[in-house]
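Before any comments, here is the structure.
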Amino acid sequence: MNIDLESLSEATSGAIGALVSTTILYPLDTCKTKYQAEVRAHHQQKYKNISDVLWEAISTRQVLSLYQGLGTKNLLSFISQFVYFYGYSFFKRLYLEKSGNRTIGTKANLIVAAAAGACTVIVTQPLDTASSKMQTSEFGKSKGLWKSLSEGTWRDAFDGLGISLLLTSNPSIQYTVFDQLKLRLLKAKLSKQAATESSPEALSAFSAFVLGAVSKCVASCLTYPAIRCKVMIQAAESDEDGNQEAEQKSEKTVSGAFYAIWKREGLLGFFKGLQAQILKTVLSSALHLMIKEKITKTTWVLMLALRKYLFVTRSRLKKSN
C-alpha cells in the first residue's frame, strides 16, 4: 500500500501543534466565546466586557468551569487540523504534479486551502457544535459530549454548517499569507547565506510565531462578523431566556443571527469581542504554527523509521511464507 508520508507527516505535526495551543489558551477561548454568544441591548448586557466572564467564574467559585468542554475541543482540534493539513498537503502535491510547476501561486493556494477546509468542516461539524454548546453553557452546568449531541436531531448537530463552510476562507487566507511570507523570508535568508546548517524548509521559532500572528490577524479581521454569527447559532440556550424560545430558534439561522445583532446592538455589534478574538486566535495560531514547524522534522524522521520497519517486517513475512 502506497502511503503519502509527506502529507501524513504534515497532518500529524499540525494536529499536535493544534492540541497544545488549544489546551494552553482554552480559558481565554471560553471567556471569548461566552462574551460573543450574548446578544442583548446595551442596558441589558450581562457581560460588559470579556473580563466580566472571568470575574463571574471566580466569584461563583467555578474557575474550573473555564475548562468545560476542553476534551471535546481538543478532540475537535486534533481531528480538524489532521484532516486539514493532510488535505492541504495532499491537494497541494496533487496540483504541483498535475501542473508541473515547482511552486504554487496565491490563487491556486487559496483554492487548495479552501478545498481542504471544506472537507474538514463537513467531517468535524457535529463536534464543533457540541463544543460551542458546552463552552456557552452556564458555569457548572455544561453537559457531556454525547448528551450535547443526542439531545437534538442530527440536523441540530450540523447547526451553522453553511456559515462554517463560508469561514473556510479564514484558514485559506491565513495559511496563504503564512506560506507566502515564509517563502519570502527563506529566500531572503538564502540570498544572504548560501550555506546553512539548518534546513531551508524550517523557520526559527520566533519567525514562525511572528508570521503566524500576522497571518491569523489578517484572516480574523476579514471574517469576524461571520465568526460571531456562527457562535450565536451554535450557542447553548440560556436558562434566563427560556421564555423566548421562538426568538432563539430564529437566531439559529444566518439571517436570524445577523438581524438579531443589527436590531439589538447595531453595526458595532458585528465586531463585539473582536479584540478578544484577535488576541486568542493570533496567540493560538502563532503557537500552533511554531510548534508544527519545530516538530515537522522529528515527525518526518519517525514516519521514515515507521515505513522502514513496516517494509522490513513485510519482507520477513514474505520470506517465511
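Residues are referred to by chain and number: the chain letter is A, B, ... according to the order shown in the C-alpha cells, the number counts from 1 in that chain, and ligands are numbered separately from 1 in the order shown.
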Sorted by chain and rising residue number, list the residues of region 25-54 of chain A at most 10 Å from region 123-132 of chain A (counting only C-alpha atoms), each with its closest atom pair and distance in Å to one decimal, as a tab-separated table.
```
residue	atom	partner	partner_atom	distance
A:Thr30	CA	A:Ser132	CA	9.1
A:Thr33	CA	A:Ser132	CA	7.7
A:Lys34	CA	A:Ser132	CA	9.1
A:Ala37	CA	A:Ser132	CA	9.5
```
From a DSSP pass on the backbone, collect the residues of region 3-44 of chain A flagged as alpha helix (DSSP H) and hand them back as a PyMOL selection string. chain A and resi 5-24+26-37
Could you pull the residues within 12 Å of Arg93 (chain A), counting only C-alpha atoms, minus those fewer than 3 positions along the same chain, as a ChimeraX atom specification? /A:4-7,10,85-90,96-104,108-109,112
Compile the contact shell of region 52-64 of chain A as a ChimeraX atom specification: residues with an atom at most 10 Å away, counting only C-alpha atoms, same-chain residues fewer than 4 positions apart removed. /A:27-28,30-35,46-48,68,138-140
Would you kindly return, as a ChimeraX atom specification, each protein, DNA or RNA residue with an atom no farther than 12 Å from any atom of Gln81 (chain A), considering only C-alpha atoms and excluding same-chain residues fewer than 2 positions away? /A:8,10-22,73-79,83-89,116-117,119-121,123-124,171,285,288-289,292
Select, from A:Ser80, A:Gln44, A:Gln234, A:Thr223, the residue with the minimum atom-to-atom distance to Gln174 (chain A), counting only C-alpha atoms.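 Ranked by minimum distance to Gln174 (chain A), first place goes to A:Thr223.
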Sort by chain and increasing residue number a table of all residues of region 157-238 of chain A within 8 Å of region 258-278 of chain A, each with its closest pair of atoms and their distance in Å to one decimal, counting only C-alpha atoms, and write it as JSON lines.
```
{"residue": "A:Lys216", "atom": "CA", "partner": "A:Ile278", "partner_atom": "CA", "distance": 7.9}
{"residue": "A:Cys217", "atom": "CA", "partner": "A:Ile278", "partner_atom": "CA", "distance": 6.0}
{"residue": "A:Ser220", "atom": "CA", "partner": "A:Ile278", "partner_atom": "CA", "distance": 6.4}
{"residue": "A:Cys221", "atom": "CA", "partner": "A:Ile278", "partner_atom": "CA", "distance": 7.6}
{"residue": "A:Tyr224", "atom": "CA", "partner": "A:Phe271", "partner_atom": "CA", "distance": 6.7}
{"residue": "A:Pro225", "atom": "CA", "partner": "A:Phe270", "partner_atom": "CA", "distance": 5.0}
{"residue": "A:Arg228", "atom": "CA", "partner": "A:Phe270", "partner_atom": "CA", "distance": 7.0}
{"residue": "A:Cys229", "atom": "CA", "partner": "A:Phe258", "partner_atom": "CA", "distance": 6.6}
```
State, in Å with one decimal place, the distance from CA of Leu181 (chain A) to CA of Ala118 (chain A).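 Rounded to one decimal, the two atoms are 23.9 Å apart.
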Residues near Lys143 (chain A), anyone? I mean within 10 Å using only C-alpha atoms, not counting same-chain ones fewer than 3 positions away, as a list in words.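 Near neighbours after the sequence-gap exclusion: Gln68, Gly69, Ala130, Lys133, Met134, Gln135, Ser137, Gly140, Trp146, Lys147, Ser148 and Leu149 of chain A.
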